[in-house]
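Peer 1: Have a peek at target_38.txt (compact mmCIF, C-alpha atoms and all ligand atoms).
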# COMPACT_ATOMS: atom_id res chain seq x y z
CA MET A 240 200.56 -70.63 -128.15
CA ASN A 241 202.43 -71.05 -131.38
CA ASP A 242 201.37 -69.58 -134.68
CA LYS A 243 199.66 -72.61 -136.09
CA LEU A 244 197.45 -73.06 -133.08
CA LEU A 245 196.74 -69.35 -133.02
CA VAL A 246 195.52 -69.45 -136.61
CA VAL A 247 193.31 -72.45 -135.91
CA LYS A 248 191.82 -70.74 -132.85
CA GLU A 249 191.04 -67.65 -134.91
CA ASP A 250 189.36 -69.90 -137.51
CA VAL A 251 187.17 -71.54 -134.82
CA ASP A 252 186.23 -68.14 -133.35
CA ARG A 253 185.31 -66.79 -136.78
CA LEU A 254 183.35 -69.93 -137.54
CA ILE A 255 181.25 -69.75 -134.39
CA ALA A 256 180.57 -66.05 -135.03
CA THR A 257 179.30 -66.65 -138.57
CA ALA A 258 177.36 -69.75 -137.45
CA ILE A 259 175.56 -67.75 -134.72
CA GLN A 260 174.75 -65.04 -137.21
CA GLU A 261 173.36 -67.51 -139.76
CA ILE A 262 171.33 -69.31 -137.12
CA GLY A 263 169.89 -65.96 -136.06
CA THR A 264 168.55 -65.22 -139.54
CA ALA A 265 167.24 -68.76 -140.28
CA GLU A 266 163.45 -68.83 -140.83
CA SER A 267 162.65 -72.54 -140.98
CA SER A 268 163.50 -75.98 -139.64
CA LYS A 269 164.87 -76.82 -143.05
CA ALA A 270 167.24 -73.81 -142.98
CA LEU A 271 168.46 -74.83 -139.51
CA GLN A 272 169.09 -78.36 -140.67
CA ASP A 273 171.13 -77.02 -143.62
CA ILE A 274 173.22 -74.90 -141.22
CA ARG A 275 173.86 -77.95 -139.05
CA VAL A 276 175.13 -79.87 -142.06
CA LYS A 277 177.15 -76.91 -143.31
CA TYR A 278 179.09 -76.52 -140.04
CA THR A 279 179.14 -79.90 -138.32
CA GLY A 280 178.34 -82.39 -141.12
CA LYS A 281 180.90 -84.86 -142.45
CA LYS A 282 182.14 -82.37 -144.97
CA GLY A 283 181.31 -79.40 -142.73
CA GLU A 284 183.57 -76.47 -141.97
CA LEU A 285 184.36 -77.54 -138.42
CA THR A 286 185.33 -80.97 -139.70
CA GLN A 287 187.79 -79.30 -142.07
CA ILE A 288 189.35 -77.38 -139.16
CA SER A 289 189.57 -80.56 -137.07
CA LYS A 290 191.70 -82.10 -139.78
CA GLN A 291 194.45 -79.67 -138.87
CA MET A 292 194.85 -81.54 -135.61
CA LYS A 293 197.48 -83.76 -137.20
CA ASP A 294 199.76 -80.77 -137.93
CA LEU A 295 199.84 -79.63 -134.29
CA GLU A 296 202.31 -80.48 -131.57
CA LYS A 297 201.30 -83.18 -129.14
CA ASP A 298 200.59 -80.78 -126.28
CA GLU A 299 198.57 -78.48 -128.60
CA LYS A 300 196.15 -81.20 -129.68
CA PRO A 301 194.07 -81.15 -126.45
CA VAL A 302 193.78 -77.40 -126.78
CA LEU A 303 192.20 -77.76 -130.23
CA GLY A 304 190.01 -80.58 -128.89
CA GLN A 305 188.81 -78.21 -126.18
CA LEU A 306 188.10 -75.48 -128.77
CA ILE A 307 186.08 -77.90 -130.91
CA ASN A 308 184.05 -79.01 -127.85
CA GLU A 309 183.29 -75.42 -126.97
CA PHE A 310 182.22 -74.81 -130.56
CA HIS A 311 179.79 -77.76 -130.39
CA GLN A 312 178.34 -76.59 -127.08
CA THR A 313 177.71 -73.04 -128.21
CA PHE A 314 176.55 -74.12 -131.68
CA ASN A 315 174.07 -76.74 -130.33
CA LYS A 316 172.66 -74.45 -127.65
CA THR A 317 172.10 -71.63 -130.15
CA ILE A 318 170.54 -73.85 -132.77
CA GLU A 319 168.22 -75.56 -130.21
CA ARG A 320 166.96 -72.22 -128.92
CA LYS A 321 166.31 -71.08 -132.48
CA GLN A 322 164.64 -74.41 -133.33
CA GLU A 323 162.09 -73.86 -130.55
CA GLU A 324 161.24 -70.42 -131.89
CA VAL A 325 160.96 -71.67 -135.49
CA THR A 326 158.80 -74.66 -134.46
CA GLN A 327 156.36 -72.34 -132.70
CA LYS A 328 156.12 -70.15 -135.77
CA GLU A 329 155.70 -73.12 -138.12
CA LEU A 330 152.95 -74.59 -135.92
CA ALA A 331 151.12 -71.27 -135.79
CA ALA A 332 151.36 -70.98 -139.59
CA GLN A 333 150.07 -74.55 -140.03
CA LEU A 334 147.13 -73.96 -137.69
CA ALA A 335 146.26 -70.75 -139.50
CA SER A 336 146.34 -72.42 -142.92
CA GLU A 337 144.34 -75.47 -141.74
CA SER A 338 141.65 -73.58 -139.88
CA MET A 339 138.24 -75.19 -140.35
CA ASP A 340 134.85 -73.74 -141.15
CA ILE A 341 132.71 -74.72 -138.18
CA SER A 342 129.59 -73.48 -139.97
CA LEU A 343 129.84 -76.38 -142.48
CA PRO A 344 127.14 -79.03 -141.92
CA GLY A 345 128.44 -82.16 -140.15
CA ARG A 346 128.67 -85.58 -141.70
CA ARG A 347 125.35 -87.33 -141.16
CA GLN A 348 125.38 -90.52 -139.09
CA ASN A 349 123.58 -93.24 -140.96
CA PHE A 350 121.29 -94.93 -138.45
CA GLY A 351 119.87 -98.29 -139.43
CA THR A 352 116.19 -99.13 -139.23
CA ARG A 353 114.49 -102.15 -137.79
CA HIS A 354 113.31 -104.58 -140.44
CA LEU A 355 109.68 -104.00 -141.40
CA LEU A 356 108.82 -107.52 -140.20
CA THR A 357 110.36 -106.75 -136.80
CA GLN A 358 108.46 -103.47 -136.63
CA THR A 359 105.22 -105.26 -137.51
CA ARG A 360 105.82 -108.05 -134.99
CA GLU A 361 106.51 -105.50 -132.25
CA ASP A 362 103.42 -103.48 -133.15
CA LEU A 363 101.29 -106.63 -132.91
CA GLU A 364 102.88 -107.64 -129.62
CA ASP A 365 102.26 -104.17 -128.15
CA LEU A 366 98.68 -104.26 -129.28
CA PHE A 367 97.94 -107.58 -127.57
CA LEU A 368 100.02 -106.75 -124.50
CA GLY A 369 97.70 -103.75 -124.18
CA MET A 370 94.74 -106.18 -124.15
CA GLY A 371 96.26 -108.19 -121.29
CA TYR A 372 97.93 -110.95 -123.31
CA GLN A 373 101.41 -112.26 -122.51
CA VAL A 374 104.05 -113.01 -125.15
CA ILE A 375 105.33 -116.60 -125.15
CA GLU A 376 107.84 -117.88 -127.69
CA GLY A 377 108.21 -121.50 -128.80
CA PRO A 378 110.89 -123.52 -130.60
CA GLU A 379 111.33 -123.27 -134.38
CA VAL A 380 112.65 -126.84 -134.48
CA GLU A 381 109.60 -128.66 -133.20
CA LEU A 382 108.39 -132.17 -132.44
CA ASP A 383 105.87 -133.77 -134.79
CA SER A 384 103.69 -134.39 -131.75
CA TYR A 385 103.32 -130.66 -130.99
CA ASN A 386 103.22 -129.38 -134.58
CA PHE A 387 100.62 -131.91 -135.72
CA GLU A 388 99.36 -134.53 -133.28
CA LYS A 389 98.46 -132.23 -130.40
CA MET A 390 96.85 -129.97 -133.00
CA ASN A 391 94.43 -132.78 -133.75
CA LEU A 392 96.31 -133.86 -136.86
CA PRO A 393 97.21 -137.52 -136.28
CA LYS A 394 99.79 -139.23 -138.46
CA ASN A 395 98.43 -139.85 -141.98
CA HIS A 396 95.73 -137.18 -141.60
CA PRO A 397 95.21 -135.77 -145.13
CA ALA A 398 95.22 -132.13 -143.87
CA ARG A 399 98.94 -132.56 -143.09
CA ASP A 400 99.56 -132.28 -146.83
CA MET A 401 98.64 -128.58 -146.71
CA GLN A 402 101.57 -127.99 -144.38
CA ASP A 403 104.37 -130.18 -145.69
CA THR A 404 107.65 -129.17 -144.12
CA PHE A 405 111.37 -129.82 -143.68
CA TYR A 406 111.99 -132.92 -141.57
CA ILE A 407 115.10 -133.33 -139.46
CA SER A 408 114.02 -136.85 -138.49
CA GLU A 409 110.71 -138.77 -138.42
CA GLU A 410 109.71 -136.96 -135.23
CA VAL A 411 111.59 -133.65 -135.49
CA LEU A 412 110.75 -130.94 -138.01
CA LEU A 413 110.78 -127.20 -138.71
CA ARG A 414 107.40 -126.03 -137.41
CA THR A 415 104.83 -125.18 -140.07
CA HIS A 416 102.84 -122.76 -137.91
CA THR A 417 102.98 -121.14 -134.47
CA SER A 418 100.00 -123.23 -133.28
CA PRO A 419 102.18 -125.81 -131.43
CA VAL A 420 102.98 -123.06 -128.90
CA GLN A 421 99.28 -123.27 -127.94
CA ALA A 422 99.81 -126.83 -126.72
CA ARG A 423 103.08 -125.96 -124.95
CA ALA A 424 101.44 -123.04 -123.14
CA MET A 425 98.27 -124.97 -122.22
CA GLU A 426 100.23 -127.89 -120.77
CA LYS A 427 102.06 -125.55 -118.41
CA HIS A 428 99.15 -123.30 -117.48
CA ASP A 429 97.66 -123.44 -113.99
CA PHE A 430 94.12 -121.99 -114.13
CA GLU A 431 93.64 -122.16 -110.35
CA LYS A 432 96.73 -120.06 -109.77
CA ASN A 433 96.81 -117.76 -112.81
CA GLY A 434 93.24 -117.47 -114.07
CA PRO A 435 92.52 -117.42 -117.83
CA LEU A 436 95.32 -118.17 -120.30
CA LYS A 437 95.85 -115.22 -122.68
CA MET A 438 98.90 -115.39 -124.86
CA VAL A 439 100.32 -114.43 -128.24
CA SER A 440 103.28 -116.17 -129.81
CA PRO A 441 105.19 -114.60 -132.70
CA GLY A 442 107.90 -116.31 -134.69
CA LYS A 443 109.33 -117.94 -137.80
CA VAL A 444 107.56 -120.83 -139.50
CA PHE A 445 108.53 -123.00 -142.48
CA ARG A 446 106.69 -124.80 -145.24
CA ARG A 447 107.53 -126.68 -148.36
CA ASP A 448 105.77 -124.00 -150.43
CA ASN A 449 106.89 -122.74 -153.80
CA ASP A 450 108.03 -119.14 -153.43
CA ASP A 451 106.00 -116.52 -155.30
CA ALA A 452 104.87 -112.93 -154.69
CA THR A 453 102.70 -113.91 -151.69
CA HIS A 454 104.28 -117.19 -150.52
CA SER A 455 107.65 -117.91 -149.00
CA HIS A 456 109.07 -121.21 -147.68
CA GLN A 457 109.94 -119.26 -144.51
CA PHE A 458 107.61 -116.65 -143.11
CA HIS A 459 106.23 -115.37 -139.79
CA GLN A 460 103.06 -115.86 -137.83
CA LEU A 461 101.56 -114.50 -134.66
CA GLU A 462 99.48 -117.04 -132.77
CA GLY A 463 96.80 -115.88 -130.37
CA LEU A 464 95.12 -118.02 -127.71
CA LEU A 465 92.61 -117.32 -124.98
CA VAL A 466 91.31 -120.14 -122.78
CA ALA A 467 88.89 -119.52 -119.93
CA GLU A 468 85.37 -120.48 -118.92
CA LYS A 469 82.49 -119.75 -121.32
CA ILE A 470 84.49 -118.37 -124.24
CA THR A 471 82.40 -118.03 -127.40
CA MET A 472 82.70 -116.87 -131.01
CA ALA A 473 81.49 -113.45 -129.82
CA ASP A 474 84.67 -113.07 -127.75
CA LEU A 475 86.75 -114.04 -130.77
CA LYS A 476 84.96 -111.62 -133.05
CA GLY A 477 85.22 -108.74 -130.57
CA THR A 478 88.94 -109.32 -130.07
CA LEU A 479 89.68 -109.54 -133.78
CA LEU A 480 87.62 -106.44 -134.53
CA GLN A 481 89.66 -104.53 -131.94
CA PHE A 482 92.85 -105.84 -133.57
CA ALA A 483 91.68 -104.85 -137.08
CA LYS A 484 90.79 -101.31 -136.00
CA ALA A 485 94.01 -100.77 -134.04
CA PHE A 486 96.24 -102.20 -136.75
CA PHE A 487 94.55 -101.15 -140.00
CA GLY A 488 92.47 -98.10 -138.95
CA GLU A 489 89.47 -97.14 -136.82
CA GLU A 490 86.95 -97.42 -139.71
CA ARG A 491 87.75 -101.08 -140.42
CA GLU A 492 85.13 -103.83 -140.16
CA ILE A 493 85.69 -107.57 -140.17
CA ARG A 494 83.75 -110.53 -141.50
CA LEU A 495 84.08 -114.22 -140.67
CA ARG A 496 83.79 -116.96 -143.31
CA PRO A 497 83.49 -120.67 -142.50
CA SER A 498 86.72 -122.59 -142.95
CA PHE A 499 88.51 -125.71 -141.72
CA PHE A 500 91.37 -126.18 -139.30
CA SER A 501 91.74 -129.48 -137.47
CA PHE A 502 92.54 -127.68 -134.21
CA THR A 503 89.53 -125.34 -134.12
CA GLU A 504 85.79 -126.00 -134.33
CA PRO A 505 84.10 -124.01 -135.74
CA SER A 506 86.88 -122.53 -137.88
CA VAL A 507 86.85 -119.27 -139.79
CA GLU A 508 88.86 -117.19 -142.21
CA VAL A 509 88.80 -113.56 -141.18
CA ASP A 510 88.59 -110.73 -143.70
CA VAL A 511 89.14 -107.02 -142.98
CA SER A 512 87.28 -104.36 -144.98
CA CYS A 513 89.70 -102.93 -147.51
CA PHE A 514 91.67 -100.08 -146.00
CA LYS A 515 92.53 -98.72 -149.43
CA CYS A 516 89.05 -98.34 -150.94
CA GLY A 517 86.95 -98.65 -147.78
CA GLY A 518 84.96 -101.54 -149.27
CA GLN A 519 84.15 -100.18 -152.73
CA GLY A 520 86.49 -102.60 -154.49
CA CYS A 521 89.99 -101.87 -155.79
CA GLY A 522 93.21 -103.53 -156.93
CA ILE A 523 94.34 -104.39 -153.41
CA CYS A 524 91.13 -106.22 -152.43
CA LYS A 525 90.74 -107.60 -155.96
CA GLY A 526 87.40 -105.84 -156.34
CA THR A 527 85.74 -107.60 -153.37
CA GLY A 528 86.05 -104.87 -150.73
CA TRP A 529 87.52 -107.43 -148.27
CA ILE A 530 91.04 -108.71 -147.56
CA GLU A 531 91.77 -112.05 -145.91
CA VAL A 532 94.21 -111.64 -143.02
CA LEU A 533 94.06 -114.65 -140.72
CA GLY A 534 92.64 -118.01 -139.72
CA ALA A 535 90.85 -118.54 -136.40
CA GLY A 536 88.26 -120.51 -134.49
CA LEU A 537 87.21 -121.97 -131.14
CA VAL A 538 89.83 -124.34 -129.77
CA HIS A 539 88.78 -127.93 -130.59
CA PRO A 540 87.85 -129.90 -127.44
CA ASN A 541 90.33 -132.63 -128.49
CA VAL A 542 93.14 -130.05 -128.44
CA LEU A 543 92.17 -128.87 -124.95
CA GLU A 544 91.98 -132.45 -123.66
CA MET A 545 95.32 -133.47 -125.24
CA SER A 546 96.90 -130.55 -123.37
CA GLY A 547 95.36 -131.64 -120.08
CA ILE A 548 92.48 -129.14 -119.97
CA ASP A 549 88.92 -130.16 -119.04
CA SER A 550 86.92 -129.25 -122.14
CA THR A 551 83.64 -129.46 -120.25
CA LYS A 552 84.77 -126.61 -118.01
CA TYR A 553 87.02 -124.53 -120.27
CA SER A 554 86.73 -123.28 -123.82
CA GLY A 555 88.85 -120.93 -125.86
CA PHE A 556 89.54 -119.21 -129.13
CA ALA A 557 92.70 -119.15 -131.21
CA PHE A 558 93.89 -117.27 -134.26
CA GLY A 559 96.96 -117.21 -136.50
CA VAL A 560 98.01 -114.04 -138.30
CA GLY A 561 100.53 -114.10 -141.15
CA ILE A 562 102.89 -111.30 -140.07
CA ASP A 563 104.42 -110.98 -143.56
CA ARG A 564 100.94 -110.83 -145.06
CA VAL A 565 99.63 -108.02 -142.82
CA ALA A 566 102.91 -106.08 -143.19
CA MET A 567 102.53 -106.31 -146.99
CA LEU A 568 98.90 -105.19 -146.86
CA LYS A 569 99.50 -102.31 -144.51
CA HIS A 570 102.55 -100.96 -146.34
CA ASN A 571 101.54 -101.84 -149.89
CA VAL A 572 104.48 -104.21 -150.44
CA ASP A 573 103.92 -106.05 -153.70
CA ASP A 574 106.23 -109.04 -153.22
CA ILE A 575 106.97 -111.02 -150.04
CA ARG A 576 110.49 -111.77 -151.34
CA HIS A 577 111.46 -108.13 -150.72
CA PHE A 578 111.54 -109.01 -147.02
CA TYR A 579 114.27 -111.58 -147.50
CA GLN A 580 116.58 -110.01 -150.08
CA ASN A 581 118.28 -107.48 -147.79
CA ASP A 582 118.05 -104.68 -150.33
CA LEU A 583 118.65 -101.45 -148.39
CA ARG A 584 116.68 -99.43 -150.97
CA PHE A 585 113.63 -101.39 -149.83
CA LEU A 586 114.41 -101.77 -146.12
CA THR A 587 115.27 -98.13 -145.40
CA GLN A 588 111.87 -96.96 -146.64
CA PHE A 589 110.34 -98.16 -143.37
CA LYS A 590 111.66 -95.97 -140.62
CA GLY A 591 108.69 -96.23 -138.28
CA GLY A 592 107.97 -98.77 -135.63
CA GLN A 593 104.84 -97.80 -133.78
CA ASN A 594 101.30 -97.52 -135.14
C1 LIG B 601 97.56 -121.69 -140.07
O1 LIG B 601 98.79 -121.78 -140.14
C2 LIG B 601 96.89 -121.88 -138.74
N1 LIG B 601 97.80 -122.40 -137.78
C3 LIG B 601 96.29 -120.56 -138.29
C4 LIG B 601 95.33 -120.72 -137.18
C5 LIG B 601 95.76 -120.56 -135.87
C6 LIG B 601 93.99 -121.07 -137.42
C7 LIG B 601 94.86 -120.72 -134.82
C8 LIG B 601 93.13 -121.24 -136.39
C9 LIG B 601 93.57 -121.06 -135.10
P1 LIG B 601 97.19 -120.94 -142.55
O2 LIG B 601 97.90 -122.09 -143.18
O3 LIG B 601 95.99 -120.42 -143.23
O4 LIG B 601 96.77 -121.28 -141.07
O5 LIG B 601 98.26 -119.76 -142.34
C10 LIG B 601 97.92 -118.60 -141.61
C11 LIG B 601 98.44 -117.37 -142.34
O6 LIG B 601 99.83 -117.53 -142.61
C12 LIG B 601 97.82 -117.16 -143.70
O7 LIG B 601 96.62 -116.43 -143.58
C13 LIG B 601 98.86 -116.33 -144.42
O8 LIG B 601 98.75 -114.99 -144.00
C14 LIG B 601 100.14 -116.88 -143.84
N2 LIG B 601 100.78 -117.83 -144.76
C15 LIG B 601 100.48 -119.12 -144.99
N3 LIG B 601 101.34 -119.67 -145.88
C16 LIG B 601 102.23 -118.70 -146.21
C17 LIG B 601 103.40 -118.64 -147.05
N4 LIG B 601 103.85 -119.68 -147.71
N5 LIG B 601 104.06 -117.47 -147.14
C18 LIG B 601 103.65 -116.40 -146.43
N6 LIG B 601 102.58 -116.38 -145.61
C19 LIG B 601 101.87 -117.52 -145.51
Let me see the file written as structure tokens.

Peer 2:
Amino acid sequence: MNDKLLVVKEDVDRLIATAIQEIGTAESSKALQDIRVKYTGKKGELTQISKQMKDLEKDEKPVLGQLINEFHQTFNKTIERKQEEVTQKELAAQLASESMDISLPGRRQNFGTRHLLTQTREDLEDLFLGMGYQVIEGPEVELDSYNFEKMNLPKNHPARDMQDTFYISEEVLLRTHTSPVQARAMEKHDFEKNGPLKMVSPGKVFRRDNDDATHSHQFHQLEGLLVAEKITMADLKGTLLQFAKAFFGEEREIRLRPSFFSFTEPSVEVDVSCFKCGGQGCGICKGTGWIEVLGAGLVHPNVLEMSGIDSTKYSGFAFGVGIDRVAMLKHNVDDIRHFYQNDLRFLTQFKGGQN
């Protein structure tokens, strides 16, 4: 080995010795990266030594190449081993500094609530299911024949004016009440096979009404219908009294006032004794002690006959509750429009569901 090569070899040996020492004292990934650059980077110390290759004899060049390779092997192995150690330490330090306080309260999940109208509808359904009624739904887009004609309201009948609606065509409209479901259910019912017909039908209805605090052009009703033999006003009154007590409170009483509906005869408006003042008179009952909640009556024989039922054998009662109206009364809601404005400050006040 001639002198030049000897000197270069000594340089490489010294370099690997100092590199190993520096790696040994490095404390961080950053320090190790700096060492890598310092020794093997483009302007690194090993690169400087490699430049001496050109001054060596031809047969000496592979010897230097070999030395440089050995340097890389030792250097890389040492630095990798150290890197593992440093990474462990850094991770431990990070975990220690980021430790969390498990005694802190968690972030509360914000559960939604069912809309008050849905809660009220379900409460009413449960109540009548408990009395042996079945729930039957009908279409919101209805035929004129079911909405009016089979409800004893022939074309041009003046009482149609009270329930003007949105027409899709001459014969197709948005239903103005849930009463047409009466006709749909009666047509299908088989008394021989299934006994009396007892059903309630909740759902959306539509009217060309001007919106105000108690009226909306879209609202909800719950229809009730019972058809069997020998049904009288006493059955109707008993059923509605049970409903009033279950829905508004055990102390409630009801009273019936004569009214007119083309599909019932006789027809009544039903008032419930005021649940706020107990009948003394207050703001809610407008000083009368009574609050009107629904329309009802005995099913008109024409309606039974038009639905294929023998009115000499069967009779029935029907009623129609405004779901929005009873929800407002029960929960002291002062404007029906609150139900349709999707204001969470209003909606989230009603977290219940059952009576
Ligand atoms: C009817 O719709 C009858 N079909 C009810 C009925 C059924 C009577 C079976 C007899 C037998 P009326 O138009 O009165 O009746 O409406 C019934 C209830 O719906 C009212 O008592 C009221 O609570 C509610 N209602 C009526 N119009 C509106 C409206 N624009 N906005 C909100 N609720 C309304």

Peer 1: Tell me, as a PDB file with C-alpha atoms, in the frame of the given file, which residues lie within 10 Å of Thr415 of chain A, counting all atoms listed in the file; anything in the same chain fewer than 3 positions away does not count.

Peer 2:
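Saved to part_1.pdb:
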ATOM      1  CA  GLU A 379     111.330-123.270-134.380  1.00  0.00           C
ATOM      2  CA  VAL A 380     112.650-126.840-134.480  1.00  0.00           C
ATOM      3  CA  GLU A 381     109.600-128.660-133.200  1.00  0.00           C
ATOM      4  CA  ASN A 386     103.220-129.380-134.580  1.00  0.00           C
ATOM      5  CA  PHE A 387     100.620-131.910-135.720  1.00  0.00           C
ATOM      6  CA  ARG A 399      98.940-132.560-143.090  1.00  0.00           C
ATOM      7  CA  MET A 401      98.640-128.580-146.710  1.00  0.00           C
ATOM      8  CA  GLN A 402     101.570-127.990-144.380  1.00  0.00           C
ATOM      9  CA  ASP A 403     104.370-130.180-145.690  1.00  0.00           C
ATOM     10  CA  THR A 404     107.650-129.170-144.120  1.00  0.00           C
ATOM     11  CA  PHE A 405     111.370-129.820-143.680  1.00  0.00           C
ATOM     12  CA  LEU A 412     110.750-130.940-138.010  1.00  0.00           C
ATOM     13  CA  SER A 418     100.000-123.230-133.280  1.00  0.00           C
ATOM     14  CA  PRO A 419     102.180-125.810-131.430  1.00  0.00           C
ATOM     15  CA  LYS A 443     109.330-117.940-137.800  1.00  0.00           C
ATOM     16  CA  VAL A 444     107.560-120.830-139.500  1.00  0.00           C
ATOM     17  CA  PHE A 445     108.530-123.000-142.480  1.00  0.00           C
ATOM     18  CA  ARG A 446     106.690-124.800-145.240  1.00  0.00           C
ATOM     19  CA  ARG A 447     107.530-126.680-148.360  1.00  0.00           C
ATOM     20  CA  HIS A 456     109.070-121.210-147.680  1.00  0.00           C
ATOM     21  CA  GLN A 457     109.940-119.260-144.510  1.00  0.00           C
ATOM     22  CA  PHE A 458     107.610-116.650-143.110  1.00  0.00           C
ATOM     23  CA  HIS A 459     106.230-115.370-139.790  1.00  0.00           C
ATOM     24  CA  GLN A 460     103.060-115.860-137.830  1.00  0.00           C
TER      25      GLN A 460
END

Peer 1: For a quick check of understanding, using all atoms listed in the file, which of A:Val439, A:Ala398, A:Ile575, A:Ile523 has the smallest distance to ligand LIG 601 (chain B)?

Peer 2: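 Among A:Val439, A:Ala398, A:Ile575, A:Ile523, it is A:Ile575 that comes nearest to ligand LIG 601 (chain B).
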
Peer 1: List the neighbours of His311 of chain A out to 12 Å using all atoms listed in the file; skip same-chain residues closer than 6 positions along the sequence, and give me the result as a list in words.

Peer 2: Val251, Asp252, Leu254, Ile255, Ala258, Ile259, Arg275, Tyr278, Thr279, Gly280, Leu285, Thr286, Gly304, Gln305, Thr317, Ile318 and Glu319 of chain A

Peer 1: Would you mind listing the residues within 8 Å of ligand LIG 601 (chain B), counting all atoms listed in the file, as a ChimeraX atom specification?

Peer 2: /A:401-402,415-418,445-450,453-460,462-464,500,502-503,506-508,531-538,556-565,575

Peer 1: With only C-alpha atoms as the counted atoms, please give the residues lying no more than 8 Å from Leu295 of chain A, apart from itself and same-chain residues fewer than 5 positions off, as a PyMOL selection string.

Peer 2: chain A and resi 243-244+300

Peer 1: Got a sec to check which residues sit within 12 Å of (163.9, -72.6, -142.4), counting all atoms listed in the file, and write them as a ChimeraX atom specification?

Peer 2: /A:261-275,318,321-322,324-326,328-329

Peer 1: Can you spit out the residues from that selection as a PDB file, in the frame of the given file, using C-alpha atoms?

Peer 2:
ATOM      1  CA  GLU A 261     173.360 -67.510-139.760  1.00  0.00           C
ATOM      2  CA  ILE A 262     171.330 -69.310-137.120  1.00  0.00           C
ATOM      3  CA  GLY A 263     169.890 -65.960-136.060  1.00  0.00           C
ATOM      4  CA  THR A 264     168.550 -65.220-139.540  1.00  0.00           C
ATOM      5  CA  ALA A 265     167.240 -68.760-140.280  1.00  0.00           C
ATOM      6  CA  GLU A 266     163.450 -68.830-140.830  1.00  0.00           C
ATOM      7  CA  SER A 267     162.650 -72.540-140.980  1.00  0.00           C
ATOM      8  CA  SER A 268     163.500 -75.980-139.640  1.00  0.00           C
ATOM      9  CA  LYS A 269     164.870 -76.820-143.050  1.00  0.00           C
ATOM     10  CA  ALA A 270     167.240 -73.810-142.980  1.00  0.00           C
ATOM     11  CA  LEU A 271     168.460 -74.830-139.510  1.00  0.00           C
ATOM     12  CA  GLN A 272     169.090 -78.360-140.670  1.00  0.00           C
ATOM     13  CA  ASP A 273     171.130 -77.020-143.620  1.00  0.00           C
ATOM     14  CA  ILE A 274     173.220 -74.900-141.220  1.00  0.00           C
ATOM     15  CA  ARG A 275     173.860 -77.950-139.050  1.00  0.00           C
ATOM     16  CA  ILE A 318     170.540 -73.850-132.770  1.00  0.00           C
ATOM     17  CA  LYS A 321     166.310 -71.080-132.480  1.00  0.00           C
ATOM     18  CA  GLN A 322     164.640 -74.410-133.330  1.00  0.00           C
ATOM     19  CA  GLU A 324     161.240 -70.420-131.890  1.00  0.00           C
ATOM     20  CA  VAL A 325     160.960 -71.670-135.490  1.00  0.00           C
ATOM     21  CA  THR A 326     158.800 -74.660-134.460  1.00  0.00           C
ATOM     22  CA  LYS A 328     156.120 -70.150-135.770  1.00  0.00           C
ATOM     23  CA  GLU A 329     155.700 -73.120-138.120  1.00  0.00           C
TER      24      GLU A 329
END

Peer 1: What does the structure give for the distance between atom CA of Leu363 of chain A and atom CA of Ala485 of chain A, in Å to one decimal?

Peer 2: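 A separation of 9.4 Å between them.
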
Peer 1: I want to know what sits within 10 Å of Leu543 of chain A, based on only C-alpha atoms, with residues of the same chain fewer than 4 positions away left out; could you give that as a PyMOL selection string?

Peer 2: chain A and resi 389-391+421-422+425-426+466+502+538-539+547-551+553-555
